[in-house]
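**Q** Have a peek at work-v8.cif (mmCIF, C-alpha atoms).
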```
data_target
loop_
_atom_site.label_atom_id
_atom_site.label_comp_id
_atom_site.auth_asym_id
_atom_site.auth_seq_id
_atom_site.Cartn_x
_atom_site.Cartn_y
_atom_site.Cartn_z
CA MET J 1 7.07 122.22 42.95
CA THR J 2 7.70 124.44 39.96
CA PRO J 3 10.96 124.48 37.99
CA LYS J 4 11.62 127.87 39.47
CA ASP J 5 11.32 126.46 43.00
CA ASN J 6 13.70 123.61 42.06
CA GLN J 7 16.23 126.13 40.80
CA LYS J 8 16.08 128.11 44.07
CA GLN J 9 16.49 124.91 46.08
CA GLY J 10 19.53 123.97 44.01
CA GLU J 11 21.09 127.34 44.55
CA LYS J 12 20.61 126.98 48.31
CA GLY J 13 22.36 123.58 48.19
CA PHE J 14 25.27 125.02 46.23
CA VAL J 15 25.70 127.85 48.72
CA LEU J 16 25.75 125.32 51.56
CA VAL J 17 28.39 123.22 49.85
CA LEU J 18 30.45 126.33 49.07
CA ALA J 19 30.17 127.50 52.67
CA LEU J 20 31.27 124.08 53.90
CA LEU J 21 34.22 124.09 51.51
CA MET J 22 35.28 127.56 52.64
CA LEU J 23 34.93 126.47 56.27
CA LEU J 24 37.12 123.45 55.52
CA VAL J 25 39.75 125.64 53.84
CA LEU J 26 39.75 128.07 56.76
CA THR J 27 40.02 125.15 59.18
CA LEU J 28 42.99 123.76 57.26
CA ILE J 29 44.63 127.18 57.16
CA GLY J 30 44.12 127.58 60.89
CA ALA J 31 45.44 124.12 61.62
CA SER J 32 48.43 124.75 59.38
CA GLY J 33 49.09 128.06 61.12
CA MET J 34 48.91 126.40 64.53
CA SER J 35 51.22 123.61 63.34
CA THR J 36 53.71 126.14 61.95
CA THR J 37 53.59 128.14 65.19
CA ASN J 38 54.16 125.01 67.25
CA PHE J 39 56.99 123.95 64.96
CA GLU J 40 58.65 127.38 65.17
CA THR J 41 58.22 127.35 68.95
CA LEU J 42 59.86 123.92 69.04
CA ILE J 43 62.73 125.15 66.84
CA ALA J 44 63.19 128.24 69.02
CA GLY J 45 63.19 126.07 72.14
CA ASN J 46 65.73 123.66 70.67
CA LYS J 47 67.91 126.57 69.56
CA ARG J 48 67.77 128.06 73.05
CA ILE J 49 68.73 124.71 74.60
CA SER J 50 71.51 124.25 72.05
CA SER J 51 72.83 127.78 72.64
CA ASN J 52 72.77 127.30 76.39
CA ALA J 53 74.72 124.05 76.04
CA PHE J 54 77.25 125.82 73.82
CA TYR J 55 77.76 128.61 76.36
CA VAL J 56 78.21 126.03 79.13
CA ALA J 57 80.86 124.25 77.06
CA GLU J 58 82.56 127.60 76.43
CA ALA J 59 82.59 128.25 80.18
CA GLY J 60 84.51 124.99 80.61
CA ILE J 61 87.20 126.18 78.19
CA ASN J 62 87.41 129.50 80.02
CA GLU J 63 87.86 127.87 83.43
CA PHE J 64 90.58 125.60 82.07
CA MET J 65 92.50 128.52 80.56
CA GLY J 66 91.96 130.69 83.61
CA ARG J 67 93.44 128.11 85.99
CA PHE J 68 96.22 126.71 83.81
CA ARG J 69 98.67 129.54 84.54
CA THR J 70 101.02 130.62 87.28
CA GLY J 71 99.38 132.50 90.15
CA ALA J 72 95.78 131.73 89.17
CA THR J 73 93.08 130.90 91.71
CA GLY J 74 92.88 127.11 91.79
CA GLU J 75 96.05 126.89 89.70
CA PHE J 76 96.99 123.48 88.30
CA SER J 77 99.87 122.23 86.16
CA ASP J 78 100.75 119.45 83.74
CA SER J 79 102.09 116.58 85.84
CA SER J 80 103.44 114.54 82.90
CA PRO J 81 104.40 116.88 80.02
CA THR J 82 106.14 114.15 78.01
CA SER J 83 103.46 111.46 78.36
CA PRO J 84 101.15 110.69 75.40
CA ASN J 85 98.67 109.17 77.89
CA TRP J 86 98.23 112.25 80.09
CA ARG J 87 94.64 113.38 80.50
CA LEU J 88 93.13 116.03 82.74
CA PHE J 89 89.38 116.06 83.38
CA LEU J 90 87.61 119.11 84.79
CA ALA J 91 84.02 118.90 86.06
CA ILE J 92 81.81 119.51 89.10
CA ASN J 93 82.53 115.99 90.33
CA ALA J 94 84.14 112.75 89.17
CA GLN J 95 80.78 111.27 88.13
CA LYS J 96 80.25 114.13 85.69
CA ALA J 97 83.77 113.66 84.32
CA ALA J 98 83.13 109.95 83.82
CA ARG J 99 80.62 110.80 81.08
CA ILE J 100 83.50 111.77 78.78
CA GLY J 101 85.90 108.98 79.71
CA TYR J 102 87.44 109.73 83.10
CA SER J 103 88.38 106.67 85.12
CA SER J 104 90.21 106.94 88.44
CA GLY J 105 91.86 103.59 87.81
CA THR J 106 93.33 104.51 84.43
CA THR J 107 97.02 105.46 84.30
CA GLY J 108 97.50 109.06 83.23
CA HIS J 109 93.96 110.21 84.14
CA ASN J 110 93.75 113.18 86.50
CA PHE J 111 90.57 114.75 87.89
CA LEU J 112 90.20 118.42 88.81
CA GLN J 113 87.07 119.72 90.51
CA SER J 114 85.49 122.85 89.06
CA LEU J 115 85.49 125.99 91.17
CA GLN J 116 81.75 126.46 90.51
CA ASN J 117 78.70 124.21 90.83
CA GLU J 118 76.09 125.90 88.63
CA LEU J 119 77.21 124.92 85.13
CA ASP J 120 77.29 121.31 84.02
CA PHE J 121 80.37 120.98 81.84
CA ALA J 122 82.99 118.27 81.52
CA VAL J 123 86.41 119.13 80.07
CA GLU J 124 89.12 116.78 78.82
CA ALA J 125 92.65 118.11 78.13
CA ARG J 126 95.30 116.01 76.41
CA HIS J 127 98.62 116.48 74.65
CA LYS J 128 98.72 116.92 70.89
CA LEU J 129 100.59 113.98 69.36
CA ASP J 130 102.48 113.61 66.10
CA ALA J 131 102.30 110.65 63.71
CA SER J 132 104.79 108.73 65.87
CA ASN J 133 102.66 109.22 69.01
CA ASN J 134 105.13 111.71 70.48
CA VAL J 135 104.01 114.85 72.30
CA VAL J 136 104.16 117.96 70.09
CA VAL J 137 106.28 120.59 71.88
CA LEU J 138 106.63 124.32 71.28
CA ALA J 139 109.20 126.40 73.20
CA GLY J 140 109.58 123.61 75.74
CA PHE J 141 105.83 123.28 76.41
CA PRO J 142 103.38 120.68 75.07
CA VAL J 143 100.63 121.77 72.72
CA TYR J 144 97.22 120.91 74.21
CA ILE J 145 93.94 119.70 72.74
CA VAL J 146 91.06 120.65 75.04
CA THR J 147 87.51 119.38 74.49
CA SER J 148 84.68 120.81 76.58
CA HIS J 149 81.18 119.30 76.73
CA GLY J 150 78.28 121.45 77.88
CA TYR J 151 75.02 119.95 79.17
CA THR J 152 71.64 121.47 80.10
CA ALA J 153 68.79 120.22 82.28
CA GLU J 154 66.56 119.89 79.17
CA GLY J 155 68.96 117.37 77.61
CA GLY J 156 71.01 119.78 75.52
CA HIS J 157 74.61 118.83 74.67
CA LYS J 158 77.31 120.71 72.80
CA ALA J 159 81.06 120.10 72.51
CA ILE J 160 83.86 122.53 71.64
CA GLU J 161 87.44 121.54 70.84
CA VAL J 162 90.39 123.95 70.87
CA GLU J 163 94.13 123.72 70.38
CA ILE J 164 96.08 125.70 72.96
CA MET J 165 99.68 126.87 72.99
CA LYS J 166 101.46 127.92 76.16
CA SER J 167 103.40 131.17 75.99
CA PRO J 168 107.20 131.05 75.72
CA TYR J 169 108.87 133.12 78.40
CA VAL J 170 109.50 136.45 76.65
CA ALA J 171 112.10 137.97 78.98
CA PRO J 172 115.18 139.48 77.28
CA PRO J 173 118.32 138.60 79.27
CA ALA J 174 120.27 141.56 77.85
CA SER J 175 119.78 144.74 75.87
CA LEU J 176 120.99 142.77 72.86
CA TYR J 177 120.71 138.98 72.90
CA SER J 178 122.14 137.20 69.88
CA LYS J 179 122.46 133.56 68.82
CA SER J 180 124.86 134.67 66.05
CA PRO J 181 128.17 136.56 66.12
CA VAL J 182 127.85 140.31 66.81
CA ASN J 183 129.66 143.00 64.82
CA LEU J 184 129.70 146.53 66.27
CA GLN J 185 130.56 149.49 64.06
CA GLY J 186 131.39 153.15 64.68
CA SER J 187 131.79 155.40 67.66
CA SER J 188 128.11 156.47 67.66
CA THR J 189 126.84 152.98 68.55
CA TYR J 190 125.36 152.81 72.06
CA ILE J 191 124.23 149.60 73.75
CA SER J 192 123.35 149.90 77.42
CA GLY J 193 122.23 147.23 79.86
CA ILE J 194 121.94 149.84 82.61
CA ASP J 195 118.26 150.27 83.44
CA HIS J 196 117.35 153.74 82.16
CA CYS J 197 113.72 153.61 83.32
CA PRO J 198 113.37 151.42 86.42
CA VAL J 199 110.01 150.54 87.96
CA ASP J 200 109.33 151.88 91.48
CA GLY J 201 112.89 153.16 91.65
CA VAL J 202 114.41 149.65 91.54
CA ALA J 203 116.91 149.29 88.69
CA ASN J 204 117.07 145.96 86.88
CA ASN J 205 120.45 146.16 85.18
CA LYS J 206 121.28 143.61 82.48
CA PRO J 207 124.32 142.81 80.37
CA GLY J 208 124.74 145.07 77.38
CA ILE J 209 125.27 142.15 74.99
CA ILE J 210 124.83 138.42 75.40
CA THR J 211 125.74 136.08 72.58
CA THR J 212 125.71 132.30 72.56
CA THR J 213 128.70 132.42 70.19
CA PRO J 214 132.32 133.23 71.05
CA THR J 215 132.41 136.30 68.80
CA ILE J 216 131.83 140.02 69.40
CA THR J 217 133.89 142.14 66.99
CA GLN J 218 134.03 145.92 66.66
CA ALA J 219 135.34 148.67 64.47
CA GLY J 220 135.72 152.17 65.91
CA SER J 221 134.78 152.93 69.50
CA PRO J 222 131.20 151.79 70.19
CA THR J 223 129.86 152.20 73.72
CA VAL J 224 128.73 148.98 75.42
CA GLU J 225 127.82 149.07 79.09
CA GLY J 226 125.93 146.87 81.49
CA ASP J 227 126.25 144.30 84.24
CA PRO J 228 128.53 143.04 82.74
CA ASP J 229 128.92 144.88 79.46
CA ARG J 230 129.48 141.77 77.28
CA VAL J 231 128.94 138.01 77.62
CA THR J 232 130.10 135.49 75.03
CA ASN J 233 129.51 131.72 74.85
CA SER J 234 126.37 132.14 76.93
CA PRO J 235 124.46 128.95 77.84
CA ILE J 236 121.15 130.86 77.62
CA ASN J 237 119.29 129.24 74.74
CA LEU J 238 116.08 131.15 74.07
CA PRO J 239 113.59 129.65 71.56
CA LEU J 240 113.25 132.76 69.40
CA ASN J 241 111.54 130.92 66.55
CA ASP J 242 108.90 129.52 68.91
CA MET J 243 108.42 132.95 70.48
CA VAL J 244 107.79 134.53 67.08
CA THR J 245 105.44 131.70 66.05
CA TYR J 246 103.43 132.12 69.24
CA LEU J 247 103.26 135.90 68.96
CA GLY J 248 102.26 135.68 65.30
CA LYS J 249 99.04 133.89 66.14
CA GLY J 250 96.59 136.62 67.05
CA ALA J 251 98.99 139.57 66.74
CA ASP J 252 97.49 143.06 66.51
CA PHE J 253 99.09 143.61 63.09
CA ILE J 254 100.00 140.72 60.77
CA TYR J 255 101.92 141.00 57.49
CA LYS J 256 103.14 138.27 55.15
CA TYR J 257 105.67 138.54 52.31
CA THR J 258 107.30 135.82 50.22
CA GLY J 259 110.14 138.07 49.03
CA ASN J 260 112.35 140.83 50.37
CA GLN J 261 110.34 143.93 51.30
CA THR J 262 111.21 147.57 52.05
CA LEU J 263 108.64 149.64 53.94
CA THR J 264 109.05 153.35 54.64
CA GLY J 265 107.58 155.54 57.34
CA LEU J 266 105.54 152.91 59.23
CA SER J 267 103.47 153.45 61.30
CA ASP J 268 101.44 155.61 63.64
CA GLU J 269 99.03 152.69 64.04
CA TRP J 270 101.77 150.75 65.83
CA GLY J 271 102.32 153.53 68.36
CA THR J 272 104.39 156.72 68.32
CA PRO J 273 107.16 156.90 70.93
CA THR J 274 108.75 160.27 71.53
CA GLY J 275 112.34 161.29 72.12
CA THR J 276 115.50 162.12 70.21
CA GLY J 277 119.03 160.81 70.11
CA THR J 278 120.43 157.33 70.67
CA THR J 279 121.64 157.52 74.26
CA GLU J 280 118.42 158.59 76.00
CA PRO J 281 115.35 156.37 76.40
CA LEU J 282 112.22 157.01 74.40
CA SER J 283 108.94 157.63 76.20
CA TYR J 284 105.48 156.31 75.36
CA GLY J 285 102.09 156.14 77.07
CA GLY J 286 99.80 154.46 74.55
CA PRO J 287 98.78 150.85 73.91
CA MET J 288 101.47 148.24 73.38
CA ASN J 289 100.96 146.24 70.18
CA VAL J 290 102.24 142.97 68.77
CA VAL J 291 103.39 143.52 65.17
CA TYR J 292 104.20 140.33 63.26
CA PHE J 293 105.98 139.98 59.93
CA ASN J 294 106.13 136.57 58.29
CA MET J 295 109.02 136.90 55.84
CA ASP J 296 108.88 133.26 54.78
CA GLY J 297 111.63 132.37 57.24
CA ASN J 298 114.63 133.70 55.28
CA LYS J 299 113.52 136.84 53.42
CA THR J 300 114.50 140.34 54.55
CA LEU J 301 112.25 143.10 55.87
CA THR J 302 113.67 146.62 55.73
CA LEU J 303 112.03 149.33 57.85
CA ALA J 304 113.22 152.80 56.91
CA GLY J 305 112.22 156.43 56.67
CA GLY J 306 111.16 157.07 60.25
CA SER J 307 109.32 153.80 60.94
CA HIS J 308 108.28 153.48 64.56
CA GLY J 309 106.08 151.60 67.01
CA ALA J 310 105.60 150.25 70.52
CA GLY J 311 105.18 146.78 71.95
CA ILE J 312 106.69 143.67 70.34
CA LEU J 313 108.02 143.60 66.79
CA ALA J 314 108.28 139.91 65.81
CA VAL J 315 109.90 138.98 62.50
CA ASN J 316 110.06 135.49 61.03
CA GLY J 317 113.04 136.19 58.79
CA ASN J 318 115.73 138.88 58.58
CA LEU J 319 115.38 142.53 59.60
CA GLU J 320 117.14 145.71 58.51
CA LEU J 321 116.50 148.91 60.48
CA LYS J 322 117.45 152.21 58.89
CA GLY J 323 116.63 155.91 58.80
CA SER J 324 115.46 157.37 62.15
CA PHE J 325 113.87 154.15 63.38
CA LYS J 326 112.23 154.23 66.85
CA TRP J 327 110.82 151.33 68.85
CA TYR J 328 109.59 151.26 72.45
CA GLY J 329 109.49 147.65 73.66
CA VAL J 330 111.06 144.42 72.40
CA ILE J 331 112.19 143.30 68.95
CA ILE J 332 112.48 139.55 68.22
CA VAL J 333 114.01 138.40 64.93
CA THR J 334 114.49 134.75 64.00
CA GLY J 335 117.18 135.56 61.40
CA ALA J 336 119.85 138.21 60.88
CA LEU J 337 119.64 141.79 62.12
CA ASP J 338 121.25 144.71 60.29
CA TYR J 339 120.85 147.76 62.52
CA THR J 340 122.97 150.25 60.57
CA GLY J 341 122.60 153.04 58.00
CA GLY J 342 121.85 156.74 58.32
CA GLY J 343 119.60 158.55 60.78
CA GLU J 344 119.21 158.21 64.53
CA LYS J 345 117.92 154.77 65.50
CA ASN J 346 116.68 154.01 69.01
CA VAL J 347 115.27 150.84 70.55
CA THR J 348 114.20 151.42 74.14
CA GLY J 349 113.67 147.98 75.64
CA ALA J 350 115.62 145.07 74.13
CA VAL J 351 116.49 143.18 70.94
CA MET J 352 116.77 139.41 70.47
CA ALA J 353 117.88 137.90 67.15
CA GLY J 354 119.88 135.37 65.19
CA GLU J 355 118.44 131.91 65.82
CA THR J 356 118.07 130.74 62.21
CA THR J 357 121.15 132.35 60.65
CA THR J 358 124.92 132.08 60.90
CA VAL J 359 125.34 135.57 59.47
CA GLN J 360 126.62 138.07 62.02
CA LEU J 361 124.38 140.73 63.53
CA ASP J 362 125.55 144.20 62.49
CA VAL J 363 124.90 147.15 64.81
CA GLY J 364 126.23 150.63 64.09
CA GLY J 365 125.74 154.03 62.50
CA ASN J 366 124.16 156.17 65.20
CA ALA J 367 122.18 153.26 66.67
CA GLY J 368 121.12 152.78 70.27
CA ILE J 369 119.65 149.86 72.23
CA ILE J 370 118.72 150.90 75.76
CA ASN J 371 117.57 148.68 78.62
CA CYS J 372 114.22 149.93 79.98
CA THR J 373 112.34 147.85 82.54
CA ASN J 374 109.27 150.07 82.30
CA ALA J 375 108.96 149.46 78.56
CA LYS J 376 109.22 145.68 78.97
CA LYS J 377 106.82 145.61 81.91
CA LYS J 378 104.09 147.29 79.84
CA ILE J 379 104.12 144.39 77.38
CA LYS J 380 101.45 141.82 78.22
CA VAL J 381 101.73 138.40 76.61
CA ALA J 382 98.79 136.03 77.12
CA PRO J 383 99.95 132.95 79.06
CA LEU J 384 97.79 130.72 76.83
CA LYS J 385 96.57 131.20 73.29
CA ILE J 386 93.89 129.36 71.31
CA THR J 387 95.34 128.59 67.89
CA GLN J 388 92.51 126.43 66.51
CA TRP J 389 88.83 126.17 67.37
CA ARG J 390 85.98 123.97 66.18
CA GLU J 391 82.55 122.81 67.27
CA VAL J 392 82.34 119.04 67.60
CA PHE J 393 79.20 117.50 66.14
#
```
Step by step, read the file and then write its structure as structure tokens.

**A**
Amino acid sequence: MTPKDNQKQGEKGFVLVLALLMLLVLTLIGASGMSTTNFETLIAGNKRISSNAFYVAEAGINEFMGRFRTGATGEFSDSSPTSPNWRLFLAINAQKAARIGYSSGTTGHNFLQSLQNELDFAVEARHKLDASNNVVVLAGFPVYIVTSHGYTAEGGHKAIEVEIMKSPYVAPPASLYSKSPVNLQGSSTYISGIDHCPVDGVANNKPGIITTTPTITQAGSPTVEGDPDRVTNSPINLPLNDMVTYLGKGADFIYKYTGNQTLTGLSDEWGTPTGTGTTEPLSYGGPMNVVYFNMDGNKTLTLAGGSHGAGILAVNGNLELKGSFKWYGVIIVTGALDYTGGGEKNVTGAVMAGETTTVQLDVGGNAGIINCTNAKKKIKVAPLKITQWREVF
């Protein structure tokens, strides 16, 4: 064999080795691609299972909240609202509830069967406790911690925990309800508990003024009418602070100030009731909003210059209303109310104020508060509200 033949043979061997190396690289790339695809498929499958378990757990929370209210299908209630040991378990059957701690022989444990049988969730509800192991109460109702576990047939498991507050009963007992002394000023003041806009023709007349104190003073000749027109030393003790706290969580409009604040001409976003004067009810057909002002508990909010809205105005602090103010619905103020100054001022619905102050409530200067059942009926307050939410890992 000549040197030239040896060179050709060597070149053929090199090409073979190179081809084998390229084949190996392609094989590794293919194997890697298949491994990556399988891994991504596995991740996607696990994510789907995890998501399904999460949605099942969420369904458990929804059934609990849907049934834990007056008039609900399958309604249930808290049998021991003061007990730190109270537990309620919700699942398809008791065996499913036992996975998260239910025991029929344990004092305080209560089992509730789910209204459906397709989703495998197990829910535990308990009272929130303070550092002394006492039940945390808001507006006369316990605060609840609800944990829902969702399971899937593939072995998926997710848990959600929420804190739930029960709604205080927002039902004004008078056109003006005050937990402080009331001072009425001027002959243009008009407070009426007579129902100016009844529902279905049935009037729901209320007292004009109710105060839990012995004092209603007046200067001039204000008009106060109702059934009766005035009530002093009332035993009705409404938790205004708790109402405002509840409404402030998830309100449609939320504002916070750490000092006194004057706002002018607010706001079409809150709703625009129509009407003039102080002795005739306003009218309104739009959405009812919850507007919340956190004034740091004792600072003063002043709404002036034609401010207006509809729904619930909730103020954690003091409130001054001036200058052609209009509100269709209910106003709740934890502190003092000064409803005086220039311009026509009309609240069609009700006002409640004065829990956290000993300063008198001043009403006067072309100001009207008019009982209107239709305005109050349009306000919808959720019977339960989630105030905290977390996924449990």

**Q** Contacts of Asn260 (chain J) at 9 Å or less, counting only C-alpha atoms, minus same-chain residues fewer than 6 places along, as JSON, numbers by chain?

**A** {"J": [295, 298, 299, 300, 301, 302]}

**Q** In terms of the shortest atom-to-atom distance over all atoms listed in the file, which of J:Ile29, J:Ile92, J:Val381, J:Trp270 is closest to Glu118 (chain J)?

**A**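 Nearest candidate to Glu118 (chain J) out of J:Ile29, J:Ile92, J:Val381, J:Trp270: J:Ile92.
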
**Q** Suppose you want the space between CA of Leu138 (chain J) and CA of Ala125 (chain J); what is it in Å?

**A**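 Separation between CA of Leu138 (chain J) and CA of Ala125 (chain J): 16.8 Å.
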
**Q** Please, which residues in region 133-183 of chain J fall within 9 Å of region 220-241 of chain J when counting all atoms listed in the file, and what is the closest atom pair and distance in Å to one decimal for each, ordered by chain then residue number, as CSV?

**A**
```
residue,atom,partner,partner_atom,distance
J:Leu138,CA,J:Pro239,CA,8.8
J:Ala139,CA,J:Pro239,CA,5.7
J:Gly140,CA,J:Pro239,CA,8.4
J:Pro168,CA,J:Pro239,CA,7.8
J:Tyr169,CA,J:Leu238,CA,8.6
J:Val170,CA,J:Leu238,CA,8.8
J:Pro172,CA,J:Leu238,CA,9.0
J:Pro173,CA,J:Ile236,CA,8.4
J:Ala174,CA,J:Gly226,CA,8.6
J:Ser175,CA,J:Gly226,CA,8.6
J:Lys179,CA,J:Asn237,CA,8.0
```

**Q** Taking all atoms listed in the file into account, which of J:Phe111, J:Tyr246, J:Tyr190, J:Trp389 comes nearest Thr147 (chain J)?

**A**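 Looking only at the distances to Thr147 (chain J), the closest residue turns out to be J:Trp389.
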
**Q** Take the PyMOL selection byres ((chain J and resi 255) around 9), apply it to the structure above, and return the hits as number ranges by chain.

**A** J: 253-254, 256-257, 291-295

**Q** On this structure, the PyMOL selection byres ((chain J and resi 117) around 12) would catch which residues? List them as an NGL selection string, sorted by chain and number.

**A** :J and (56 or 60 or 90-93 or 96 or 113-116 or 118-122)

**Q** As a check of understanding, name the residues that the PyMOL selection byres ((chain J and resi 249) around 9) selects in the supplied structure, as a list in words.

**A** Val244, Thr245, Tyr246, Leu247, Gly248, Gly250, Ala251, Ile254, Tyr292, Lys385, Ile386 and Thr387 of chain J

**Q** Which of these residues is nearest to Gly108 (chain J), using all atoms listed in the file: J:Val123, J:Asn318, J:Leu88, J:Phe141?

**A**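 Nearest candidate to Gly108 (chain J) out of J:Val123, J:Asn318, J:Leu88, J:Phe141: J:Leu88.
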